[in-house]
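K.L.:
See model-v8.cif below, with mmCIF, C-alpha atoms.
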data_protein
#
loop_
_atom_site.label_atom_id
_atom_site.label_comp_id
_atom_site.auth_asym_id
_atom_site.auth_seq_id
_atom_site.Cartn_x
_atom_site.Cartn_y
_atom_site.Cartn_z
CA MET A 10 0.00 0.00 0.00
CA ILE A 11 2.71 2.48 0.94
CA TYR A 12 4.42 1.39 -2.24
CA LYS A 13 1.38 2.39 -4.30
CA GLY A 14 1.43 5.75 -2.55
CA LEU A 15 5.07 6.30 -3.50
CA LEU A 16 4.33 5.35 -7.10
CA PHE A 17 1.38 7.76 -7.11
CA LEU A 18 3.60 10.60 -5.85
CA LEU A 19 6.19 9.86 -8.54
CA TRP A 20 3.68 9.87 -11.40
CA PHE A 21 2.02 13.00 -9.98
CA CYS A 22 5.37 14.85 -9.92
CA VAL A 23 6.03 13.81 -13.53
CA TRP A 24 2.58 15.07 -14.49
CA LEU A 25 3.22 18.40 -12.73
CA LEU A 26 6.52 18.81 -14.56
CA LEU A 27 4.80 18.11 -17.86
CA GLN A 28 2.20 20.83 -17.13
CA TRP A 29 4.66 23.21 -15.59
CA PRO A 30 2.81 26.34 -14.44
CA PRO A 31 0.50 24.33 -12.16
CA SER A 32 -3.21 25.16 -12.22
CA VAL A 33 -6.06 23.56 -10.26
CA GLN A 34 -7.80 21.95 -13.24
CA TYR A 35 -4.70 20.20 -14.47
CA MET A 36 -3.77 19.13 -10.94
CA VAL A 37 -7.16 17.45 -10.39
CA THR A 38 -6.96 15.67 -13.74
CA GLY A 39 -3.38 14.63 -13.01
CA ALA A 40 -4.28 13.26 -9.59
CA PHE A 41 -7.06 11.15 -11.13
CA VAL A 42 -4.88 9.83 -13.96
CA SER A 43 -1.87 9.05 -11.77
CA LEU A 44 -4.12 7.30 -9.24
CA LEU A 45 -5.43 5.04 -12.01
CA VAL A 46 -1.98 4.40 -13.44
CA SER A 47 -0.36 3.63 -10.07
CA PHE A 48 -3.24 1.30 -9.23
CA PHE A 49 -2.84 -0.65 -12.44
CA THR A 50 0.96 -0.75 -12.71
CA ALA A 51 1.81 -1.51 -9.07
CA ASP A 52 1.69 -5.25 -9.71
CA ILE A 53 4.45 -5.03 -12.31
CA PHE A 54 6.91 -3.32 -9.98
CA SER A 55 5.86 -4.85 -6.68
CA SER A 56 7.68 -8.17 -7.20
CA LEU A 57 10.92 -6.22 -7.57
CA TYR A 58 10.07 -4.24 -4.45
CA THR A 59 9.38 -7.14 -2.14
CA LYS A 60 12.62 -8.80 -3.15
CA GLU A 61 14.31 -5.49 -2.45
CA GLU A 62 12.75 -5.11 0.98
CA ALA A 63 14.25 -8.18 2.61
CA PRO A 64 18.06 -7.56 2.65
CA PRO A 65 18.55 -4.00 3.96
CA ALA A 66 17.41 -4.90 7.47
CA LYS A 67 20.93 -5.01 8.92
CA GLY A 68 21.82 -1.33 9.31
CA GLY A 69 18.53 0.48 9.59
CA GLY A 70 18.06 3.78 11.31
CA ILE A 71 18.14 7.36 10.14
CA LEU A 72 21.96 7.52 10.03
CA SER A 73 22.12 4.74 7.45
CA PHE A 74 19.54 6.55 5.36
CA PHE A 75 21.55 9.78 5.36
CA SER A 76 24.78 7.99 4.58
CA ARG A 77 23.03 6.36 1.62
CA ILE A 78 21.91 9.77 0.37
CA PHE A 79 25.46 11.07 0.77
CA TRP A 80 26.96 8.18 -1.19
CA PHE A 81 24.30 8.63 -3.86
CA LEU A 82 25.39 12.25 -4.33
CA CYS A 83 29.03 11.07 -4.51
CA TYR A 84 27.94 8.56 -7.13
CA VAL A 85 26.27 11.24 -9.25
CA ALA A 86 29.36 13.48 -9.11
CA VAL A 87 31.78 10.66 -10.00
CA PHE A 88 29.43 9.48 -12.73
CA LEU A 89 29.15 12.88 -14.41
CA TRP A 90 32.92 13.40 -14.36
CA GLU A 91 33.64 9.93 -15.77
CA CYS A 92 30.97 10.41 -18.44
CA LEU A 93 32.57 13.65 -19.65
CA MET A 94 36.06 12.12 -19.70
CA ALA A 95 34.73 9.07 -21.59
CA ASN A 96 33.21 11.21 -24.26
CA ILE A 97 36.33 13.28 -24.82
CA ASP A 98 38.34 10.04 -25.03
CA VAL A 99 35.99 8.47 -27.59
CA ALA A 100 35.88 11.68 -29.64
CA TRP A 101 39.70 11.73 -29.77
CA ARG A 102 39.75 8.12 -30.94
CA VAL A 103 37.19 8.85 -33.64
CA LEU A 104 39.25 11.72 -35.05
CA HIS A 105 42.64 9.94 -34.86
CA PRO A 106 43.97 8.82 -38.28
CA GLY A 107 45.19 5.40 -37.12
CA LEU A 108 41.94 4.46 -35.31
CA PRO A 109 43.73 3.41 -32.07
CA ILE A 110 41.24 0.86 -30.74
CA ARG A 111 41.82 -2.60 -29.22
CA PRO A 112 38.32 -4.00 -28.71
CA GLY A 113 37.51 -7.10 -26.70
CA THR A 114 34.95 -8.62 -24.34
CA LEU A 115 35.88 -9.18 -20.71
CA ARG A 116 34.42 -11.15 -17.84
CA LEU A 117 34.22 -9.18 -14.59
CA ARG A 118 33.39 -10.52 -11.17
CA THR A 119 31.03 -8.39 -9.12
CA LYS A 120 30.05 -8.43 -5.47
CA LEU A 121 26.69 -6.71 -5.93
CA LYS A 122 23.65 -8.92 -5.40
CA SER A 123 20.50 -6.78 -5.57
CA ASP A 124 18.71 -6.23 -8.87
CA ILE A 125 18.65 -2.47 -8.68
CA GLY A 126 22.34 -2.26 -7.77
CA LEU A 127 23.23 -4.43 -10.73
CA THR A 128 21.08 -2.28 -12.99
CA PHE A 129 22.80 0.90 -11.85
CA LEU A 130 26.21 -0.73 -12.25
CA ALA A 131 25.41 -1.91 -15.77
CA ASN A 132 24.06 1.47 -16.82
CA SER A 133 27.00 3.39 -15.44
CA ILE A 134 29.41 0.93 -17.06
CA THR A 135 27.68 1.60 -20.36
CA LEU A 136 28.16 5.34 -20.11
CA THR A 137 31.81 5.34 -18.96
CA PRO A 138 35.18 5.04 -20.69
CA GLY A 139 34.76 2.86 -23.75
CA THR A 140 32.79 0.04 -22.15
CA THR A 141 29.35 -1.48 -22.77
CA THR A 142 27.64 -4.19 -20.75
CA ILE A 143 26.65 -7.13 -22.91
CA ASP A 144 25.25 -9.67 -20.48
CA ILE A 145 24.80 -10.33 -16.77
CA ASP A 146 25.24 -13.80 -15.31
CA LYS A 147 23.52 -13.39 -11.97
CA ALA A 148 24.02 -16.93 -10.72
CA ASN A 149 27.83 -16.74 -10.82
CA GLY A 150 28.11 -12.99 -10.28
CA TYR A 151 29.73 -12.17 -13.60
CA ILE A 152 29.25 -9.16 -15.84
CA TYR A 153 30.33 -9.38 -19.47
CA VAL A 154 31.67 -6.10 -20.79
CA HIS A 155 32.72 -4.98 -24.24
CA VAL A 156 35.75 -2.69 -24.02
CA LEU A 157 36.72 -0.26 -26.76
CA ALA A 158 40.38 0.29 -25.90
CA LEU A 159 41.87 -2.43 -23.74
CA LYS A 160 45.00 -1.66 -21.74
CA GLU A 161 48.17 -3.67 -22.41
CA GLY A 162 48.22 -7.00 -20.62
CA CYS A 163 44.53 -7.09 -19.79
CA GLU A 164 43.79 -9.87 -22.26
CA LYS A 165 45.50 -12.53 -20.16
CA PRO A 166 43.06 -14.69 -18.21
CA GLU A 167 44.64 -13.98 -14.83
CA ALA A 168 44.16 -10.21 -15.08
CA ARG A 169 40.59 -9.97 -13.88
CA GLN A 170 39.94 -6.52 -12.48
CA CYS A 171 41.44 -4.19 -15.05
CA LEU A 172 38.56 -1.74 -15.27
CA ALA A 173 38.02 0.80 -12.56
CA ASP A 174 35.80 -0.62 -9.85
CA ARG A 175 35.22 2.74 -8.22
CA PHE A 176 31.55 2.50 -9.13
CA GLU A 177 31.19 -0.86 -7.50
CA ARG A 178 32.68 0.37 -4.25
CA ILE A 179 30.29 3.31 -4.10
CA LEU A 180 27.22 1.36 -5.24
CA GLU A 181 27.92 -1.27 -2.60
CA ARG A 182 27.46 1.35 0.10
CA ILE A 183 24.20 2.57 -1.38
CA PHE A 184 22.31 -0.58 -2.23
CA GLU A 185 23.77 -3.41 -0.14
CA MET B 15 46.16 3.87 -48.24
CA LYS B 16 44.46 4.34 -44.91
CA ASN B 17 46.18 7.68 -44.36
CA TYR B 18 45.13 8.92 -47.79
CA ARG B 19 41.52 8.09 -47.00
CA TRP B 20 41.81 9.88 -43.68
CA ALA B 21 43.28 12.97 -45.36
CA GLY B 22 40.48 12.96 -47.93
CA GLY B 23 37.93 12.74 -45.14
CA LEU B 24 39.63 15.62 -43.33
CA VAL B 25 39.46 17.80 -46.45
CA VAL B 26 35.75 17.05 -46.85
CA LEU B 27 35.20 17.82 -43.16
CA VAL B 28 37.02 21.16 -43.36
CA ILE B 29 35.06 22.17 -46.47
CA LEU B 30 31.81 21.21 -44.73
CA ALA B 31 32.73 23.14 -41.60
CA GLY B 32 33.60 26.21 -43.66
CA ALA B 33 30.36 25.97 -45.59
CA ILE B 34 28.37 25.63 -42.37
CA LEU B 35 30.20 28.50 -40.66
CA PHE B 36 30.22 31.02 -43.50
CA CYS B 37 27.14 30.33 -45.60
CA PRO B 38 24.59 33.16 -45.68
CA VAL B 39 21.57 32.42 -43.52
CA PRO B 40 18.14 34.06 -43.84
CA LEU B 41 17.46 35.83 -40.55
CA MET B 42 14.50 34.38 -38.70
CA LEU B 43 13.67 35.72 -35.26
CA GLY B 44 15.79 37.20 -32.50
CA TRP B 45 19.52 37.27 -31.88
CA GLN B 46 20.04 33.51 -31.73
CA SER B 47 18.85 32.79 -35.26
CA ASN B 48 22.30 33.02 -36.81
CA PHE B 49 24.00 30.37 -34.71
CA LEU B 50 20.87 28.24 -34.42
CA ALA B 51 20.65 27.92 -38.20
CA ARG B 52 24.25 26.67 -38.26
CA ALA B 53 23.48 24.19 -35.47
CA PHE B 54 20.56 22.88 -37.55
CA LEU B 55 22.88 22.39 -40.52
CA CYS B 56 25.37 20.49 -38.35
CA LEU B 57 22.62 18.20 -37.03
CA LEU B 58 21.40 17.61 -40.58
CA VAL B 59 24.90 16.50 -41.61
CA SER B 60 25.01 14.03 -38.68
CA ALA B 61 21.59 12.70 -39.69
CA ALA B 62 22.95 12.21 -43.20
CA LEU B 63 25.83 10.15 -41.73
CA CYS B 64 23.25 8.00 -39.90
CA PHE B 65 21.35 7.49 -43.15
CA PHE B 66 24.58 6.44 -44.84
CA ARG B 67 25.03 3.73 -42.21
CA ILE B 68 21.39 2.66 -42.57
CA PHE B 69 21.74 2.19 -46.31
CA LYS B 70 25.21 0.63 -46.30
CA GLY B 71 25.31 -1.34 -43.01
CA PRO B 72 26.34 -4.91 -43.78
CA THR B 73 24.22 -6.57 -41.07
CA ALA B 74 20.87 -5.90 -39.44
CA PRO B 75 22.25 -4.78 -36.03
CA ASP B 76 24.25 -2.02 -37.76
CA ARG B 77 21.05 -0.60 -39.14
CA ALA B 78 19.34 -0.92 -35.75
CA VAL B 79 22.15 1.08 -34.10
CA ALA B 80 21.87 3.79 -36.75
CA VAL B 81 18.09 4.00 -36.28
CA ASP B 82 18.57 4.38 -32.52
CA MET B 83 21.02 7.23 -32.98
CA LEU B 84 18.70 8.89 -35.49
CA GLY B 85 15.93 8.86 -32.87
CA ILE B 86 18.10 10.60 -30.28
CA LEU B 87 19.25 13.15 -32.88
CA ILE B 88 15.63 13.99 -33.68
CA VAL B 89 14.98 14.70 -29.98
CA GLY B 90 17.81 17.25 -30.06
CA PHE B 91 16.40 18.71 -33.26
CA CYS B 92 12.98 19.19 -31.68
CA ALA B 93 14.59 20.81 -28.63
CA LEU B 94 16.46 23.28 -30.84
CA LEU B 95 13.34 24.05 -32.90
CA SER B 96 11.53 25.32 -29.82
CA ILE B 97 13.93 28.27 -29.38
CA PRO B 98 13.40 30.36 -32.56
CA THR B 99 9.71 29.53 -32.97
CA GLY B 100 8.88 30.07 -29.29
CA ARG B 101 6.35 27.23 -29.24
CA ASP B 102 6.77 24.83 -26.33
CA TRP B 103 4.96 21.87 -27.87
CA TYR B 104 8.03 21.00 -29.92
CA ILE B 105 9.66 19.65 -26.77
CA ASP B 106 6.51 17.55 -26.17
CA ILE B 107 7.15 15.96 -29.53
CA GLY B 108 10.73 15.34 -28.39
CA ILE B 109 9.68 13.56 -25.18
CA ALA B 110 7.15 11.39 -27.01
CA TRP B 111 9.73 10.57 -29.68
CA ALA B 112 12.34 9.55 -27.08
CA LEU B 113 9.95 7.12 -25.35
CA GLN B 114 8.61 5.69 -28.60
CA SER B 115 12.09 5.13 -30.03
CA PHE B 116 13.18 3.42 -26.79
CA ILE B 117 10.28 0.97 -26.98
CA GLY B 118 10.88 0.38 -30.67
CA ILE B 119 14.56 -0.36 -30.13
CA MET B 120 13.77 -2.78 -27.30
CA ALA B 121 11.35 -4.67 -29.56
CA LEU B 122 13.89 -4.68 -32.39
CA SER B 123 16.65 -6.07 -30.18
CA LYS B 124 14.33 -8.80 -28.85
CA TYR B 125 13.64 -9.70 -32.47
CA LEU B 126 17.37 -9.79 -33.25
CA GLU B 127 17.92 -12.00 -30.24
CA GLY B 128 15.37 -14.46 -31.60
CA LYS B 129 13.02 -14.40 -28.61
CA ASP B 130 9.31 -13.71 -28.19
CA PHE B 131 8.26 -10.29 -26.99
CA ASP B 132 7.30 -11.48 -23.51
CA GLU B 133 10.93 -12.39 -22.67
CA MET C 114 24.74 35.33 -18.76
CA ASN C 115 22.57 32.23 -18.68
CA GLU C 116 21.88 32.64 -22.37
CA ALA C 117 25.61 32.75 -23.16
CA ILE C 118 26.32 29.58 -21.13
CA GLY C 119 23.32 27.83 -22.63
CA SER C 120 24.34 28.72 -26.17
CA SER C 121 27.88 27.43 -25.65
CA LEU C 122 26.46 24.19 -24.18
CA ILE C 123 24.26 23.82 -27.28
CA VAL C 124 27.30 24.29 -29.53
CA ILE C 125 29.30 21.68 -27.58
CA GLY C 126 26.35 19.27 -27.74
CA VAL C 127 26.00 19.67 -31.50
CA ILE C 128 29.73 19.03 -31.99
CA PHE C 129 29.53 15.85 -29.87
CA ASP C 130 26.50 14.69 -31.87
CA PHE C 131 28.46 15.13 -35.08
CA LEU C 132 31.50 13.26 -33.72
CA GLY C 133 29.30 10.39 -32.55
CA CYS C 134 27.78 10.01 -36.01
CA LEU C 135 31.26 10.19 -37.56
CA GLY C 136 32.24 7.30 -35.30
CA LEU C 137 29.16 5.44 -36.52
CA VAL C 138 30.61 5.66 -40.02
CA ARG C 139 34.31 5.11 -39.27
CA PHE C 140 34.43 2.20 -36.81
CA PRO C 141 34.80 -1.38 -38.07
CA ASP C 142 32.08 -3.49 -36.41
CA VAL C 143 28.74 -3.29 -34.61
CA TYR C 144 30.04 -3.21 -31.05
CA THR C 145 32.57 -0.42 -31.56
CA ARG C 146 30.02 1.58 -33.53
CA LEU C 147 27.55 1.15 -30.70
CA GLN C 148 30.17 2.33 -28.19
CA ALA C 149 31.08 5.48 -30.09
CA SER C 150 27.62 6.55 -31.09
CA ALA C 151 25.69 5.65 -27.93
CA LYS C 152 28.02 7.61 -25.66
CA CYS C 153 28.71 10.65 -27.81
CA VAL C 154 25.17 11.14 -29.09
CA THR C 155 23.68 10.74 -25.62
CA LEU C 156 25.99 13.30 -24.08
CA GLY C 157 25.53 15.65 -27.03
CA THR C 158 21.75 15.59 -26.84
CA CYS C 159 21.88 16.01 -23.07
CA GLY C 160 24.08 19.07 -23.62
CA ILE C 161 21.56 20.50 -26.07
CA LEU C 162 18.66 19.93 -23.66
CA PHE C 163 20.51 21.40 -20.67
CA GLY C 164 21.48 24.40 -22.77
CA LEU C 165 17.83 24.82 -23.70
CA PHE C 166 16.95 24.74 -20.00
CA LEU C 167 19.56 27.43 -19.26
CA VAL C 168 18.30 29.62 -22.11
CA LYS C 169 14.62 29.32 -21.21
CA GLY C 170 14.84 29.16 -17.40
CA PHE C 171 11.96 27.77 -15.30
CA THR C 172 9.31 28.04 -17.97
CA ALA C 173 7.22 25.25 -19.49
CA THR C 174 9.85 24.55 -22.15
CA GLY C 175 12.78 24.51 -19.73
CA VAL C 176 11.19 22.11 -17.25
CA LYS C 177 10.10 19.78 -20.05
CA ALA C 178 13.65 19.86 -21.39
CA LEU C 179 14.95 18.70 -17.99
CA LEU C 180 12.39 15.87 -17.95
CA CYS C 181 13.42 14.83 -21.45
CA LEU C 182 17.08 14.84 -20.34
CA VAL C 183 16.28 12.45 -17.50
CA PHE C 184 14.37 10.15 -19.88
CA ILE C 185 17.24 10.02 -22.35
CA LEU C 186 19.87 9.41 -19.65
CA LEU C 187 17.78 6.51 -18.31
CA THR C 188 16.78 4.88 -21.58
CA SER C 189 19.87 5.22 -23.75
CA PRO C 190 22.23 2.83 -21.85
CA VAL C 191 19.46 0.25 -21.61
CA SER C 192 18.82 0.28 -25.34
CA ALA C 193 22.56 0.14 -26.06
CA HIS C 194 22.89 -2.91 -23.79
CA ALA C 195 19.91 -4.62 -25.42
CA LEU C 196 21.27 -3.95 -28.89
CA ALA C 197 24.70 -5.34 -28.00
CA LYS C 198 23.17 -8.51 -26.56
CA GLY C 199 20.83 -8.90 -29.52
CA ALA C 200 23.67 -8.45 -31.97
CA TYR C 201 25.78 -11.04 -30.18
CA ARG C 202 22.93 -13.56 -30.01
CA SER C 203 22.04 -13.03 -33.66
CA GLY C 204 25.52 -14.23 -34.54
CA VAL C 205 27.43 -11.14 -35.60
CA LYS C 206 31.12 -11.90 -35.15
CA PRO C 207 33.38 -9.25 -33.57
CA TRP C 208 35.97 -7.49 -35.73
CA GLU C 209 39.08 -9.53 -36.56
CA GLY C 210 41.33 -7.12 -34.64
CA THR C 211 39.57 -8.02 -31.39
CA VAL C 212 42.11 -8.80 -28.70
CA VAL C 213 40.16 -11.11 -26.41
CA ASP C 214 36.64 -12.53 -26.51
CA GLN C 215 35.77 -14.05 -23.14
CA TYR C 216 32.01 -13.70 -23.67
CA GLY C 217 32.20 -15.74 -26.85
CA GLU C 218 34.19 -18.47 -25.06
CA ASP C 219 31.71 -18.68 -22.18
CA ALA C 220 28.63 -18.61 -24.39
CA ALA C 221 30.09 -21.37 -26.55
CA GLY C 222 30.66 -23.47 -23.43
CA LYS C 223 27.12 -22.95 -22.17
CA VAL C 224 25.00 -23.53 -25.26
#
Please express the file's structure as structure tokens.
P.N.:
Amino acid sequence: MIYKGLLFLLWFCVWLLLQWPPSVQYMVTGAFVSLLVSFFTADIFSSLYTKEEAPPAKGGGILSFFSRIFWFLCYVAVFLWECLMANIDVAWRVLHPGLPIRPGTLRLRTKLKSDIGLTFLANSITLTPGTTTIDIDKANGYIYVHVLALKEGCEKPEARQCLADRFERILERIFE
Amino acid sequence: MKNYRWAGGLVVLVILAGAILFCPVPLMLGWQSNFLARAFLCLLVSAALCFFRIFKGPTAPDRAVAVDMLGILIVGFCALLSIPTGRDWYIDIGIAWALQSFIGIMALSKYLEGKDFDE
Amino acid sequence: MNEAIGSSLIVIGVIFDFLGCLGLVRFPDVYTRLQASAKCVTLGTCGILFGLFLVKGFTATGVKALLCLVFILLTSPVSAHALAKGAYRSGVKPWEGTVVDQYGEDAAGKV
């Protein structure tokens, strides 16, 4: 029930942003529509939510909540910076006459378990330096990544963690 | 051979950039019209590159990638169009186009993967 | 002031869009093309939308531009990931200059 309320608030905010100078007519219509939509779509998301609810019982408390918010802000800052650097890097490689790329697919081991953490990790891998997630093997905890420009020596099977796992360390503190 | 092709491409690029920067533009509205018209030309050239990949692409996934990029370019085009005309429904078209193209690309990639649409 | 910053952001975004599409033409196979274009075009369009927000301020257009930016940032990596997986499953081989292909090895072992 509280989950449906949260969903309703989210859709209502999106509606308000779409009708920016808020007026009473539009707000009433928006409340009605977002009530309907949250009622009908709650079943789709609720399975994800109940799975999500079980693990984070260990820390609890208001302090944990604030530390999560803090790490989320850290994550956004690191993510934006990495995204900008990645784009400048790729643009340089596009313009270079010799096309200096060494593509390859790698297998990375990850410690993240929750669905939403894995989703965030995959998305931020996709938008950072020359890497795209191809597949996730959740049973063994592997992520398969396509890399645009591999560093020297990373293609040997014993070199596992060549990519920066900064994201993983931060995401672990938010979602686990 | 590769370097000659690169140099030819560079010459074409410089000529294009000069043409975009110095061509005469009919003035539309307001102070921004001059540089906005050049931004439109630049986006049109990128869309032409996407079309080149759609026509030439050797496999189906190449074409799918080019269609995806074309969708995102069109969102930027709609966003730019809303400045000189002053109508805010252009950005509505952009939002709807972004969502539609996302759903279309998901369906296309499921088809490429050889699965049904319900996973 | 805001208009100047917004205009320069729009110019940077347009340049990144163009470079992304150039990468779409220049790179040798599907995966590298996907890399170049998905990243550059996403950042370029986000730059255009944020510049539009700075030019227009908190009006209807500006707020909708912010919403559109969030949509694109959320959906673009997901569609890139789905396309890469679909291309791999449909049997497109990586470029011959590929250094290492651990996904291909593991998928061959599993199926």
K.L.:
With only C-alpha atoms as the counted atoms, please give the residues lying no more than 8 Å from range 115-121 of chain B, apart from itself and same-chain residues fewer than 2 positions off, as a PyMOL selection string.
P.N.:
(chain B and resi 78+82+85+111-113+123-125+131) or (chain C and resi 188-189+192+195-196)
K.L.:
Calculate how many Å separate CA of His105 in chain A from CA of Ala80 in chain B, rounding to one decimal.
P.N.:
21.7 Å
K.L.:
Measuring atom to atom with only C-alpha atoms, identify which of B:Thr73, B:Leu94, B:Val79, B:Lys129 is nearest to Arg52 in chain B.
P.N.:
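That would be B:Leu94, the residue with the smallest distance to Arg52 in chain B.
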K.L.:
Residue by residue, what does the PyMOL selection byres ((chain A and resi 153) around 8) grab here? Present the result as an MDAnalysis selection string.
P.N.:
(chainID A and resid 114:117 142:146 151:152 154:155) or (chainID C and resid 216)
K.L.:
Carefully work through the PyMOL selection byres ((chain B) within 7 of (chain C)) for this structure and note down the residues it includes, as a VMD selection string.
P.N.:
chain B and resid 53 56 to 57 60 63 to 64 67 75 to 76 79 83 87 90 93 102 105 109 112 116 119 to 120 123 to 124 126 to 127
K.L.:
Kindly resolve the PyMOL selection byres ((chain B) within 12 of (chain A)) on the present coordinates and return the residues as a list in words.
P.N.:
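Written out, the selection comes to Met15, Lys16, Asn17, Tyr18, Arg19, Trp20, Ala21, Gly22, Gly23, Leu24, Leu27, Asp102, Trp103, Ile105, Asp106, Ile109 and Ala110 of chain B.
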K.L.:
Could you produce a table of the residues of chain A lying within 9 Å of chain C, with the nearest pair of atoms per residue and their separation in Å rounded to one decimal, using all atoms listed in the file, ordered by chain and increasing residue number, as JSON lines?
P.N.:
{"residue": "A:Val23", "atom": "CA", "partner": "C:Leu180", "partner_atom": "CA", "distance": 8.0}
{"residue": "A:Leu26", "atom": "CA", "partner": "C:Val176", "partner_atom": "CA", "distance": 6.3}
{"residue": "A:Leu27", "atom": "CA", "partner": "C:Lys177", "partner_atom": "CA", "distance": 6.0}
{"residue": "A:Gln28", "atom": "CA", "partner": "C:Ala173", "partner_atom": "CA", "distance": 7.1}
{"residue": "A:Trp29", "atom": "CA", "partner": "C:Ala173", "partner_atom": "CA", "distance": 5.1}
{"residue": "A:Pro30", "atom": "CA", "partner": "C:Ala173", "partner_atom": "CA", "distance": 6.8}
{"residue": "A:Cys92", "atom": "CA", "partner": "C:Leu156", "partner_atom": "CA", "distance": 8.1}
{"residue": "A:Leu93", "atom": "CA", "partner": "C:Leu156", "partner_atom": "CA", "distance": 7.9}
{"residue": "A:Ala95", "atom": "CA", "partner": "C:Lys152", "partner_atom": "CA", "distance": 8.0}
{"residue": "A:Asn96", "atom": "CA", "partner": "C:Cys153", "partner_atom": "CA", "distance": 5.8}
{"residue": "A:Ile97", "atom": "CA", "partner": "C:Cys153", "partner_atom": "CA", "distance": 8.6}
{"residue": "A:Val99", "atom": "CA", "partner": "C:Ala149", "partner_atom": "CA", "distance": 6.3}
{"residue": "A:Ala100", "atom": "CA", "partner": "C:Leu132", "partner_atom": "CA", "distance": 6.2}
{"residue": "A:Arg102", "atom": "CA", "partner": "C:Gly136", "partner_atom": "CA", "distance": 8.7}
{"residue": "A:Val103", "atom": "CA", "partner": "C:Gly136", "partner_atom": "CA", "distance": 5.4}
{"residue": "A:Leu104", "atom": "CA", "partner": "C:Leu132", "partner_atom": "CA", "distance": 8.0}
{"residue": "A:Leu108", "atom": "CA", "partner": "C:Phe140", "partner_atom": "CA", "distance": 8.0}
{"residue": "A:Ile110", "atom": "CA", "partner": "C:Thr145", "partner_atom": "CA", "distance": 8.8}
{"residue": "A:Arg111", "atom": "CA", "partner": "C:Val212", "partner_atom": "CA", "distance": 6.2}
{"residue": "A:Pro112", "atom": "CA", "partner": "C:Thr211", "partner_atom": "CA", "distance": 5.0}
{"residue": "A:Gly113", "atom": "CA", "partner": "C:Val213", "partner_atom": "CA", "distance": 4.8}
{"residue": "A:Thr114", "atom": "CA", "partner": "C:Asp214", "partner_atom": "CA", "distance": 4.8}
{"residue": "A:Leu115", "atom": "CA", "partner": "C:Gln215", "partner_atom": "CA", "distance": 5.4}
{"residue": "A:Arg116", "atom": "CA", "partner": "C:Gln215", "partner_atom": "CA", "distance": 6.2}
{"residue": "A:Ala131", "atom": "CA", "partner": "C:Pro190", "partner_atom": "CA", "distance": 8.3}
{"residue": "A:Asn132", "atom": "CA", "partner": "C:Pro190", "partner_atom": "CA", "distance": 5.5}
{"residue": "A:Ser133", "atom": "CA", "partner": "C:Pro190", "partner_atom": "CA", "distance": 8.0}
{"residue": "A:Ile134", "atom": "CA", "partner": "C:Pro190", "partner_atom": "CA", "distance": 8.8}
{"residue": "A:Thr135", "atom": "CA", "partner": "C:Pro190", "partner_atom": "CA", "distance": 5.8}
{"residue": "A:Leu136", "atom": "CA", "partner": "C:Lys152", "partner_atom": "CA", "distance": 6.0}
{"residue": "A:Thr137", "atom": "CA", "partner": "C:Lys152", "partner_atom": "CA", "distance": 8.0}
{"residue": "A:Gly139", "atom": "CA", "partner": "C:Gln148", "partner_atom": "CA", "distance": 6.4}
{"residue": "A:Thr140", "atom": "CA", "partner": "C:Gln148", "partner_atom": "CA", "distance": 7.0}
{"residue": "A:Thr141", "atom": "CA", "partner": "C:Gln148", "partner_atom": "CA", "distance": 6.7}
{"residue": "A:Thr142", "atom": "CA", "partner": "C:His194", "partner_atom": "CA", "distance": 5.8}
{"residue": "A:Ile143", "atom": "CA", "partner": "C:Lys198", "partner_atom": "CA", "distance": 5.2}
{"residue": "A:Asp144", "atom": "CA", "partner": "C:Lys198", "partner_atom": "CA", "distance": 6.5}
{"residue": "A:Tyr153", "atom": "CA", "partner": "C:Tyr216", "partner_atom": "CA", "distance": 6.3}
{"residue": "A:Val154", "atom": "CA", "partner": "C:Tyr216", "partner_atom": "CA", "distance": 8.1}
{"residue": "A:His155", "atom": "CA", "partner": "C:Tyr144", "partner_atom": "CA", "distance": 7.5}
{"residue": "A:Val156", "atom": "CA", "partner": "C:Thr145", "partner_atom": "CA", "distance": 8.5}
{"residue": "A:Leu157", "atom": "CA", "partner": "C:Thr145", "partner_atom": "CA", "distance": 6.3}
{"residue": "A:Leu159", "atom": "CA", "partner": "C:Val212", "partner_atom": "CA", "distance": 8.1}
{"residue": "A:Cys163", "atom": "CA", "partner": "C:Val213", "partner_atom": "CA", "distance": 8.9}
{"residue": "A:Glu164", "atom": "CA", "partner": "C:Val213", "partner_atom": "CA", "distance": 5.7}
{"residue": "A:Lys165", "atom": "CA", "partner": "C:Val213", "partner_atom": "CA", "distance": 8.3}
{"residue": "A:Pro166", "atom": "CA", "partner": "C:Gln215", "partner_atom": "CA", "distance": 8.8}
K.L.:
Work out how far CA of Phe48 in chain A is from CA of Gly108 in chain B, in Å to one decimal.
P.N.:
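If I compute the distance from CA of Gly108 in chain B to CA of Phe48 in chain A, I get 27.6 Å.
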K.L.:
Kindly give the distance, in Å, that separates CA of Tyr104 in chain B and CA of Ala117 in chain C, rounded to a single decimal.
P.N.:
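Separation between CA of Tyr104 in chain B and CA of Ala117 in chain C: 22.2 Å.
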